Amino acid sequence: MSHILITGANGQLGQALASCFSSAGQLTCWTRPRYDITDPAIADAVAEAAPDFVINAAAWTNVDGAEEAPQFAFNVNSLGPKYLAEGCARCGGTLVQISTNEVFDGKAGHFYHEYEQTSPGSVYARSKAAGERAASSTLPRLYIVRVAWLYGAGSNNFAAKISAAADRHGALRVVSDEFGNPTYAPDVAAAVAKLIETQRYGIYHLINDGWASRYHWAVELMRLSGREALPIQPISADEWPRPTTPPPHAVLVNNAGAALGITLRDWRDALHDYVQTESER
Ligand SMILES: NC(=O)c1ccc[n+]([C@@H]2O[C@H](COP(=O)([O-])OP(=O)(O)OC[C@H]3O[C@@H](n4cnc5c(N)ncnc54)[C@H](OP(=O)(O)O)[C@@H]3O)[C@@H](O)[C@H]2O)c1
């Protein structure tokens, strides 16, 4: 039975991972401030804990905020994975580095496969791409798991914000020209659990099957939560100004995982589960 160590265990993916691995041989959950992955000593702590797997779910995830604080974003998203990889190298552990569809700028006009060159556009995206490079140049036993448009129960994600806005305003305006893969955190956790059994290291796109615009995601969420009559106006990204321009079409394809038999269900089925779980909370 394996010893699993999860960093960022209080985040939305961290919580899903902790729940998924609750019956692992040994589960260690690290959270801030005690375990800060920007502290170089985190490498010593990993080496001492000597887990079989470190799953790094810790990250600077404030995409817009990263523009104002690039050094902090790079410290967490680039140096952190490097220190964790160093710790793994010293104890013989394997690292699972969680990354993002935003390592692609979304302008290629096609879906993105695992083998493609990254083209990060924002500070956040560059810091995550640098984290992939830093970890993979330090450790051969490494899985890079890119996810996209992540959401999970009880977290402040797009689905939760759309639900709250619908309740507050009784109508929605949602961007219809930004596309991605809505991806349910518990499904990623289950897929990671399968992946780490394979010893086939490398880059993976573990996203729920299918893709959508933000608008279609919101429409489906309203339908599944019994609010299909709520007016939803599609708008362009230009009408929703942000400090960063999100990738317009950074839709991922899961090829490498599928080749190992690791696929995630259709995003609408996962969203249905999310709505059920939220309604029972
Ligand atoms: N959310 C998305 O839509 C999305 C999309 C694509 C990829 N991803 C990637 O998926 C992964 C998980 O994202 P998430 O949505 O679960 O993020 P999240 O909910 O924001 O959780 C991130 C966690 O990292 C922790 N953290 C931040 N800085 C840290 C540090 N210096 N040391 C230790 N822990 C630190 C945070 O701690 P506190 O609880 O103390 O703040 C938080 O618990 C990340 O790698 C992210 O880049 C996310």
# chains A, B, ... in the order shown; residues from 1 in each chain; ligands from 1

call {"tool": "select_by_dssp", "arguments": {"residues": "region 191-245 of chain A", "states": "alpha helix (DSSP H)", "output": "list of chain:residue names"}}
result
A:Ala191, A:Val192, A:Ala193, A:Lys194, A:Leu195, A:Arg214, A:Tyr215, A:His216, A:Trp217, A:Ala218, A:Val219, A:Glu220, A:Leu221, A:Met222, A:Arg223, A:Leu224

call {"tool": "closest_atom_pairs", "arguments": {"of": "chain A", "to": "ligand 1", "cutoff": "7 Å", "atoms": "only C-alpha atoms and all ligand atoms", "output": "JSON lines"}}
result
{"residue": "A:Thr7", "atom": "CA", "partner": "ligand 1", "partner_atom_place_in_ligand_line": "34 (N)", "distance": 6.3}
{"residue": "A:Gly8", "atom": "CA", "partner": "ligand 1", "partner_atom_place_in_ligand_line": "24 (O)", "distance": 4.1}
{"residue": "A:Ala9", "atom": "CA", "partner": "ligand 1", "partner_atom_place_in_ligand_line": "43 (O)", "distance": 5.8}
{"residue": "A:Asn10", "atom": "CA", "partner": "ligand 1", "partner_atom_place_in_ligand_line": "43 (O)", "distance": 4.1}
{"residue": "A:Gly11", "atom": "CA", "partner": "ligand 1", "partner_atom_place_in_ligand_line": "21 (O)", "distance": 3.2}
{"residue": "A:Gln12", "atom": "CA", "partner": "ligand 1", "partner_atom_place_in_ligand_line": "16 (O)", "distance": 3.8}
{"residue": "A:Leu13", "atom": "CA", "partner": "ligand 1", "partner_atom_place_in_ligand_line": "16 (O)", "distance": 3.8}
{"residue": "A:Gly14", "atom": "CA", "partner": "ligand 1", "partner_atom_place_in_ligand_line": "16 (O)", "distance": 5.8}
{"residue": "A:Thr31", "atom": "CA", "partner": "ligand 1", "partner_atom_place_in_ligand_line": "34 (N)", "distance": 5.6}
{"residue": "A:Arg32", "atom": "CA", "partner": "ligand 1", "partner_atom_place_in_ligand_line": "33 (C)", "distance": 4.9}
{"residue": "A:Pro33", "atom": "CA", "partner": "ligand 1", "partner_atom_place_in_ligand_line": "40 (O)", "distance": 6.8}
{"residue": "A:Tyr35", "atom": "CA", "partner": "ligand 1", "partner_atom_place_in_ligand_line": "33 (C)", "distance": 5.8}
{"residue": "A:Asp36", "atom": "CA", "partner": "ligand 1", "partner_atom_place_in_ligand_line": "32 (N)", "distance": 3.4}
{"residue": "A:Ile37", "atom": "CA", "partner": "ligand 1", "partner_atom_place_in_ligand_line": "32 (N)", "distance": 4.0}
{"residue": "A:Thr38", "atom": "CA", "partner": "ligand 1", "partner_atom_place_in_ligand_line": "31 (N)", "distance": 5.0}
{"residue": "A:Ala57", "atom": "CA", "partner": "ligand 1", "partner_atom_place_in_ligand_line": "12 (C)", "distance": 4.8}
{"residue": "A:Ala58", "atom": "CA", "partner": "ligand 1", "partner_atom_place_in_ligand_line": "24 (O)", "distance": 3.3}
{"residue": "A:Ala59", "atom": "CA", "partner": "ligand 1", "partner_atom_place_in_ligand_line": "24 (O)", "distance": 4.4}
{"residue": "A:Trp60", "atom": "CA", "partner": "ligand 1", "partner_atom_place_in_ligand_line": "27 (C)", "distance": 5.1}
{"residue": "A:Thr61", "atom": "CA", "partner": "ligand 1", "partner_atom_place_in_ligand_line": "20 (O)", "distance": 5.0}
{"residue": "A:Val76", "atom": "CA", "partner": "ligand 1", "partner_atom_place_in_ligand_line": "31 (N)", "distance": 5.0}
{"residue": "A:Ile98", "atom": "CA", "partner": "ligand 1", "partner_atom_place_in_ligand_line": "45 (O)", "distance": 4.5}
{"residue": "A:Ser99", "atom": "CA", "partner": "ligand 1", "partner_atom_place_in_ligand_line": "45 (O)", "distance": 4.9}
{"residue": "A:Thr100", "atom": "CA", "partner": "ligand 1", "partner_atom_place_in_ligand_line": "7 (C)", "distance": 3.7}
{"residue": "A:Asn101", "atom": "CA", "partner": "ligand 1", "partner_atom_place_in_ligand_line": "6 (C)", "distance": 5.8}
{"residue": "A:Glu102", "atom": "CA", "partner": "ligand 1", "partner_atom_place_in_ligand_line": "6 (C)", "distance": 6.9}
{"residue": "A:Lys128", "atom": "CA", "partner": "ligand 1", "partner_atom_place_in_ligand_line": "47 (O)", "distance": 6.8}
{"residue": "A:Arg146", "atom": "CA", "partner": "ligand 1", "partner_atom_place_in_ligand_line": "7 (C)", "distance": 6.4}
{"residue": "A:Val147", "atom": "CA", "partner": "ligand 1", "partner_atom_place_in_ligand_line": "6 (C)", "distance": 4.8}
{"residue": "A:Ala148", "atom": "CA", "partner": "ligand 1", "partner_atom_place_in_ligand_line": "6 (C)", "distance": 3.9}
{"residue": "A:Trp149", "atom": "CA", "partner": "ligand 1", "partner_atom_place_in_ligand_line": "3 (O)", "distance": 3.9}
{"residue": "A:Leu150", "atom": "CA", "partner": "ligand 1", "partner_atom_place_in_ligand_line": "3 (O)", "distance": 3.9}
{"residue": "A:Tyr151", "atom": "CA", "partner": "ligand 1", "partner_atom_place_in_ligand_line": "3 (O)", "distance": 6.4}
{"residue": "A:Ser155", "atom": "CA", "partner": "ligand 1", "partner_atom_place_in_ligand_line": "19 (O)", "distance": 6.9}
{"residue": "A:Asn157", "atom": "CA", "partner": "ligand 1", "partner_atom_place_in_ligand_line": "1 (N)", "distance": 6.7}

call {"tool": "write_last_selection", "arguments": {"atoms": "N, CA and C atoms", "output": "tab-separated table (two decimals), in the first residue's frame"}}
result
chain	number	residue	atom	x	y	z
A	7	THR	N	-0.11	18.09	-1.30
A	7	THR	CA	0.13	19.48	-0.92
A	7	THR	C	-1.07	20.32	-1.39
A	8	GLY	N	-1.29	21.43	-0.70
A	8	GLY	CA	-2.47	22.26	-1.03
A	8	GLY	C	-3.75	21.50	-0.74
A	9	ALA	N	-3.75	20.73	0.33
A	9	ALA	CA	-4.86	19.80	0.59
A	9	ALA	C	-6.17	20.51	0.95
A	10	ASN	N	-6.13	21.84	1.19
A	10	ASN	CA	-7.37	22.57	1.48
A	10	ASN	C	-8.02	23.16	0.24
A	11	GLY	N	-7.36	23.08	-0.92
A	11	GLY	CA	-7.92	23.64	-2.15
A	11	GLY	C	-9.01	22.73	-2.70
A	12	GLN	N	-9.66	23.16	-3.78
A	12	GLN	CA	-10.78	22.34	-4.28
A	12	GLN	C	-10.30	20.99	-4.82
A	13	LEU	N	-9.18	20.96	-5.54
A	13	LEU	CA	-8.66	19.67	-5.98
A	13	LEU	C	-8.02	18.92	-4.82
A	14	GLY	N	-7.33	19.64	-3.95
A	14	GLY	CA	-6.70	19.02	-2.78
A	14	GLY	C	-7.72	18.25	-1.95
A	31	THR	N	-0.91	21.47	4.39
A	31	THR	CA	-1.57	22.74	4.11
A	31	THR	C	-0.68	23.88	4.60
A	32	ARG	N	-0.96	25.08	4.09
A	32	ARG	CA	-0.29	26.28	4.59
A	32	ARG	C	-0.86	26.62	5.96
A	33	PRO	N	-0.22	27.37	6.81
A	33	PRO	CA	1.13	27.90	6.60
A	33	PRO	C	2.24	26.92	6.99
A	35	TYR	N	3.12	24.02	5.91
A	35	TYR	CA	3.85	23.46	4.76
A	35	TYR	C	3.67	24.39	3.56
A	36	ASP	N	4.61	25.33	3.43
A	36	ASP	CA	4.58	26.31	2.35
A	36	ASP	C	5.55	25.84	1.27
A	37	ILE	N	5.01	25.59	0.07
A	37	ILE	CA	5.88	24.98	-0.96
A	37	ILE	C	6.89	25.97	-1.54
A	38	THR	N	6.80	27.25	-1.16
A	38	THR	CA	7.82	28.21	-1.63
A	38	THR	C	9.04	28.22	-0.72
A	57	ALA	N	-1.14	19.75	-5.38
A	57	ALA	CA	-2.36	20.51	-5.72
A	57	ALA	C	-2.26	21.94	-5.20
A	58	ALA	N	-1.11	22.30	-4.65
A	58	ALA	CA	-0.92	23.69	-4.19
A	58	ALA	C	-0.54	24.55	-5.38
A	59	ALA	N	-1.10	25.74	-5.42
A	59	ALA	CA	-0.79	26.65	-6.54
A	59	ALA	C	-1.29	28.05	-6.23
A	60	TRP	N	-0.68	29.01	-6.90
A	60	TRP	CA	-1.26	30.35	-6.97
A	60	TRP	C	-2.28	30.28	-8.09
A	61	THR	N	-3.57	30.40	-7.78
A	61	THR	CA	-4.61	30.20	-8.80
A	61	THR	C	-5.37	31.49	-9.14
A	76	VAL	N	5.27	30.28	-6.15
A	76	VAL	CA	4.41	29.14	-5.81
A	76	VAL	C	4.35	28.14	-6.97
A	98	ILE	N	0.24	19.11	-10.83
A	98	ILE	CA	-1.02	19.51	-11.47
A	98	ILE	C	-0.79	20.80	-12.25
A	99	SER	N	-1.20	20.80	-13.50
A	99	SER	CA	-1.01	21.98	-14.33
A	99	SER	C	-2.33	22.35	-15.02
A	100	THR	N	-2.23	23.18	-16.02
A	100	THR	CA	-3.44	23.83	-16.53
A	100	THR	C	-3.51	23.90	-18.05
A	101	ASN	N	-4.72	23.96	-18.57
A	101	ASN	CA	-4.92	24.19	-20.01
A	101	ASN	C	-4.38	25.56	-20.43
A	102	GLU	N	-4.21	26.47	-19.45
A	102	GLU	CA	-3.75	27.82	-19.81
A	102	GLU	C	-2.28	27.86	-20.22
A	128	LYS	N	2.93	28.57	-14.53
A	128	LYS	CA	2.58	27.14	-14.51
A	128	LYS	C	3.43	26.36	-15.52
A	146	ARG	N	-2.46	18.00	-16.64
A	146	ARG	CA	-3.14	19.27	-16.93
A	146	ARG	C	-4.64	19.09	-16.81
A	147	VAL	N	-5.26	20.04	-16.12
A	147	VAL	CA	-6.71	20.04	-16.01
A	147	VAL	C	-7.21	21.37	-16.54
A	148	ALA	N	-8.52	21.55	-16.60
A	148	ALA	CA	-9.08	22.79	-17.15
A	148	ALA	C	-10.40	23.09	-16.44
A	149	TRP	N	-10.73	24.34	-16.32
A	149	TRP	CA	-12.04	24.79	-15.83
A	149	TRP	C	-12.54	23.90	-14.68
A	150	LEU	N	-11.70	23.84	-13.65
A	150	LEU	CA	-11.93	22.93	-12.53
A	150	LEU	C	-13.04	23.46	-11.60
A	151	TYR	N	-13.86	22.56	-11.12
A	151	TYR	CA	-14.85	22.95	-10.12
A	151	TYR	C	-15.12	21.75	-9.21
A	155	SER	N	-16.62	25.04	-3.31
A	155	SER	CA	-15.51	25.95	-3.64
A	155	SER	C	-16.03	27.14	-4.43
A	157	ASN	N	-15.80	28.49	-7.42
A	157	ASN	CA	-15.41	28.33	-8.82
A	157	ASN	C	-16.48	28.94	-9.73

call {"tool": "closest_residue", "arguments": {"among": "A:Lys161, A:Arg34, A:Arg141, A:Arg265", "to": "Val54 (chain A)", "atoms": "only C-alpha atoms"}}
result
A:Arg141

call {"tool": "atom_distance", "arguments": {"atom1": "CA of Pro186 (chain A)", "atom2": "CA of Glu116 (chain A)"}}
result
26.4 Å

call {"tool": "select_by_dssp", "arguments": {"residues": "region 109-277 of chain A", "states": "strand (DSSP E or B)", "output": "number ranges by chain"}}
result
A: 112, 142-147, 150-151, 172-175, 179-180, 183-184, 202-205, 208-209, 212-213, 232-235, 249, 252, 264-266

call {"tool": "atom_distance", "arguments": {"atom1": "CA of Arg214 (chain A)", "atom2": "CA of Ile235 (chain A)"}}
result
10.0 Å

call {"tool": "residues_around", "arguments": {"residues": "Val251 (chain A)", "least_positions_apart": "3", "cutoff": "9 Å", "atoms": "only C-alpha atoms", "output": "MDAnalysis selection string"}}
result
chainID A and resid 101 104 106 110:112 148 179:181 211:212 248

call {"tool": "closest_residue", "arguments": {"among": "A:Ala164, A:Ile55, A:Val175, A:Leu224", "to": "Gln276 (chain A)", "atoms": "only C-alpha atoms"}}
result
A:Leu224

call {"tool": "atom_distance", "arguments": {"atom1": "CA of Leu5 (chain A)", "atom2": "CA of Asn156 (chain A)"}}
result
24.2 Å

call {"tool": "residues_around", "arguments": {"residues": "Ala89 (chain A)", "least_positions_apart": "3", "cutoff": "9 Å", "atoms": "only C-alpha atoms", "output": "PDB file with N, CA and C atoms, in the first residue's frame"}}
result
ATOM      1  N   ALA A  47      11.690  14.733   1.688  1.00  0.00           N
ATOM      2  CA  ALA A  47      12.677  13.647   1.787  1.00  0.00           C
ATOM      3  C   ALA A  47      12.507  12.898   3.103  1.00  0.00           C
ATOM      4  N   LEU A  84       9.590  20.405  -4.561  1.00  0.00           N
ATOM      5  CA  LEU A  84       8.922  19.112  -4.321  1.00  0.00           C
ATOM      6  C   LEU A  84       9.591  18.009  -5.140  1.00  0.00           C
ATOM      7  N   ALA A  85       9.974  18.356  -6.370  1.00  0.00           N
ATOM      8  CA  ALA A  85      10.681  17.377  -7.211  1.00  0.00           C
ATOM      9  C   ALA A  85      12.026  17.010  -6.584  1.00  0.00           C
ATOM     10  N   GLU A  86      12.727  17.999  -6.024  1.00  0.00           N
ATOM     11  CA  GLU A  86      14.012  17.716  -5.358  1.00  0.00           C
ATOM     12  C   GLU A  86      13.806  16.748  -4.194  1.00  0.00           C
ATOM     13  N   GLY A  92      13.246   8.954  -3.521  1.00  0.00           N
ATOM     14  CA  GLY A  92      12.776   7.923  -4.460  1.00  0.00           C
ATOM     15  C   GLY A  92      11.286   8.005  -4.734  1.00  0.00           C
ATOM     16  N   GLY A  93      10.690   9.156  -4.428  1.00  0.00           N
ATOM     17  CA  GLY A  93       9.251   9.312  -4.648  1.00  0.00           C
ATOM     18  C   GLY A  93       8.928   9.766  -6.061  1.00  0.00           C
ATOM     19  N   THR A  94       7.666   9.710  -6.371  1.00  0.00           N
ATOM     20  CA  THR A  94       7.146  10.157  -7.670  1.00  0.00           C
ATOM     21  C   THR A  94       6.312  11.411  -7.444  1.00  0.00           C
ATOM     22  N   THR A 138      14.045  18.133 -13.038  1.00  0.00           N
ATOM     23  CA  THR A 138      14.621  17.708 -11.758  1.00  0.00           C
ATOM     24  C   THR A 138      14.379  16.225 -11.489  1.00  0.00           C
ATOM     25  N   LEU A 139      13.268  15.714 -12.040  1.00  0.00           N
ATOM     26  CA  LEU A 139      12.829  14.369 -11.635  1.00  0.00           C
ATOM     27  C   LEU A 139      12.328  13.573 -12.830  1.00  0.00           C
ATOM     28  N   PRO A 140      12.874  12.396 -13.103  1.00  0.00           N
ATOM     29  CA  PRO A 140      12.335  11.593 -14.210  1.00  0.00           C
ATOM     30  C   PRO A 140      10.991  10.926 -13.873  1.00  0.00           C
ATOM     31  N   ARG A 141      10.793  10.572 -12.595  1.00  0.00           N
ATOM     32  CA  ARG A 141       9.534   9.910 -12.227  1.00  0.00           C
ATOM     33  C   ARG A 141       8.481  10.971 -11.943  1.00  0.00           C
TER      34      ARG A 141
END

call {"tool": "residues_around", "arguments": {"residues": "Gln71 (chain A)", "least_positions_apart": "4", "cutoff": "12 Å", "atoms": "only C-alpha atoms", "output": "PyMOL selection string"}}
result
chain A and resi 38+60+65-67+75-79+123-124+126-127

call {"tool": "closest_residue", "arguments": {"among": "A:Arg268, A:Val192, A:Ala50, A:Asp238", "to": "Val219 (chain A)", "atoms": "only C-alpha atoms"}}
result
A:Arg268

call {"tool": "residues_around", "arguments": {"residues": "Glu239 (chain A)", "least_positions_apart": "6", "cutoff": "12 Å", "atoms": "only C-alpha atoms", "output": "VMD selection string"}}
result
chain A and resid 173 to 177 233 245

call {"tool": "write_last_selection", "arguments": {"atoms": "C-alpha atoms", "output": "PDB file, in the first residue's frame"}}
result
ATOM      1  CA  ARG A 173     -24.905  37.489 -18.910  1.00  0.00           C
ATOM      2  CA  VAL A 174     -22.264  34.881 -19.764  1.00  0.00           C
ATOM      3  CA  VAL A 175     -19.326  34.863 -22.182  1.00  0.00           C
ATOM      4  CA  SER A 176     -20.059  32.677 -25.216  1.00  0.00           C
ATOM      5  CA  ASP A 177     -16.755  32.963 -27.127  1.00  0.00           C
ATOM      6  CA  GLN A 233     -27.733  36.451 -22.390  1.00  0.00           C
ATOM      7  CA  THR A 245      -7.339  37.838 -21.533  1.00  0.00           C
TER       8      THR A 245
END

call {"tool": "closest_residue", "arguments": {"among": "A:Gly210, A:Pro231, A:Gly154, A:Gly257", "to": "Arg281 (chain A)", "atoms": "only C-alpha atoms"}}
result
A:Gly154

call {"tool": "residues_around", "arguments": {"residues": "Glu114 (chain A)", "least_positions_apart": "6", "cutoff": "9 Å", "atoms": "only C-alpha atoms", "output": "list in words"}}
result
Arg146, Ile203, Tyr204, His205, Leu252, Val253, Asn254, Asn255 and Ala256 of chain A

call {"tool": "closest_residue", "arguments": {"among": "A:Arg223, A:Leu230, A:Cys29, A:Ala258", "to": "Arg168 (chain A)", "atoms": "only C-alpha atoms"}}
result
A:Leu230
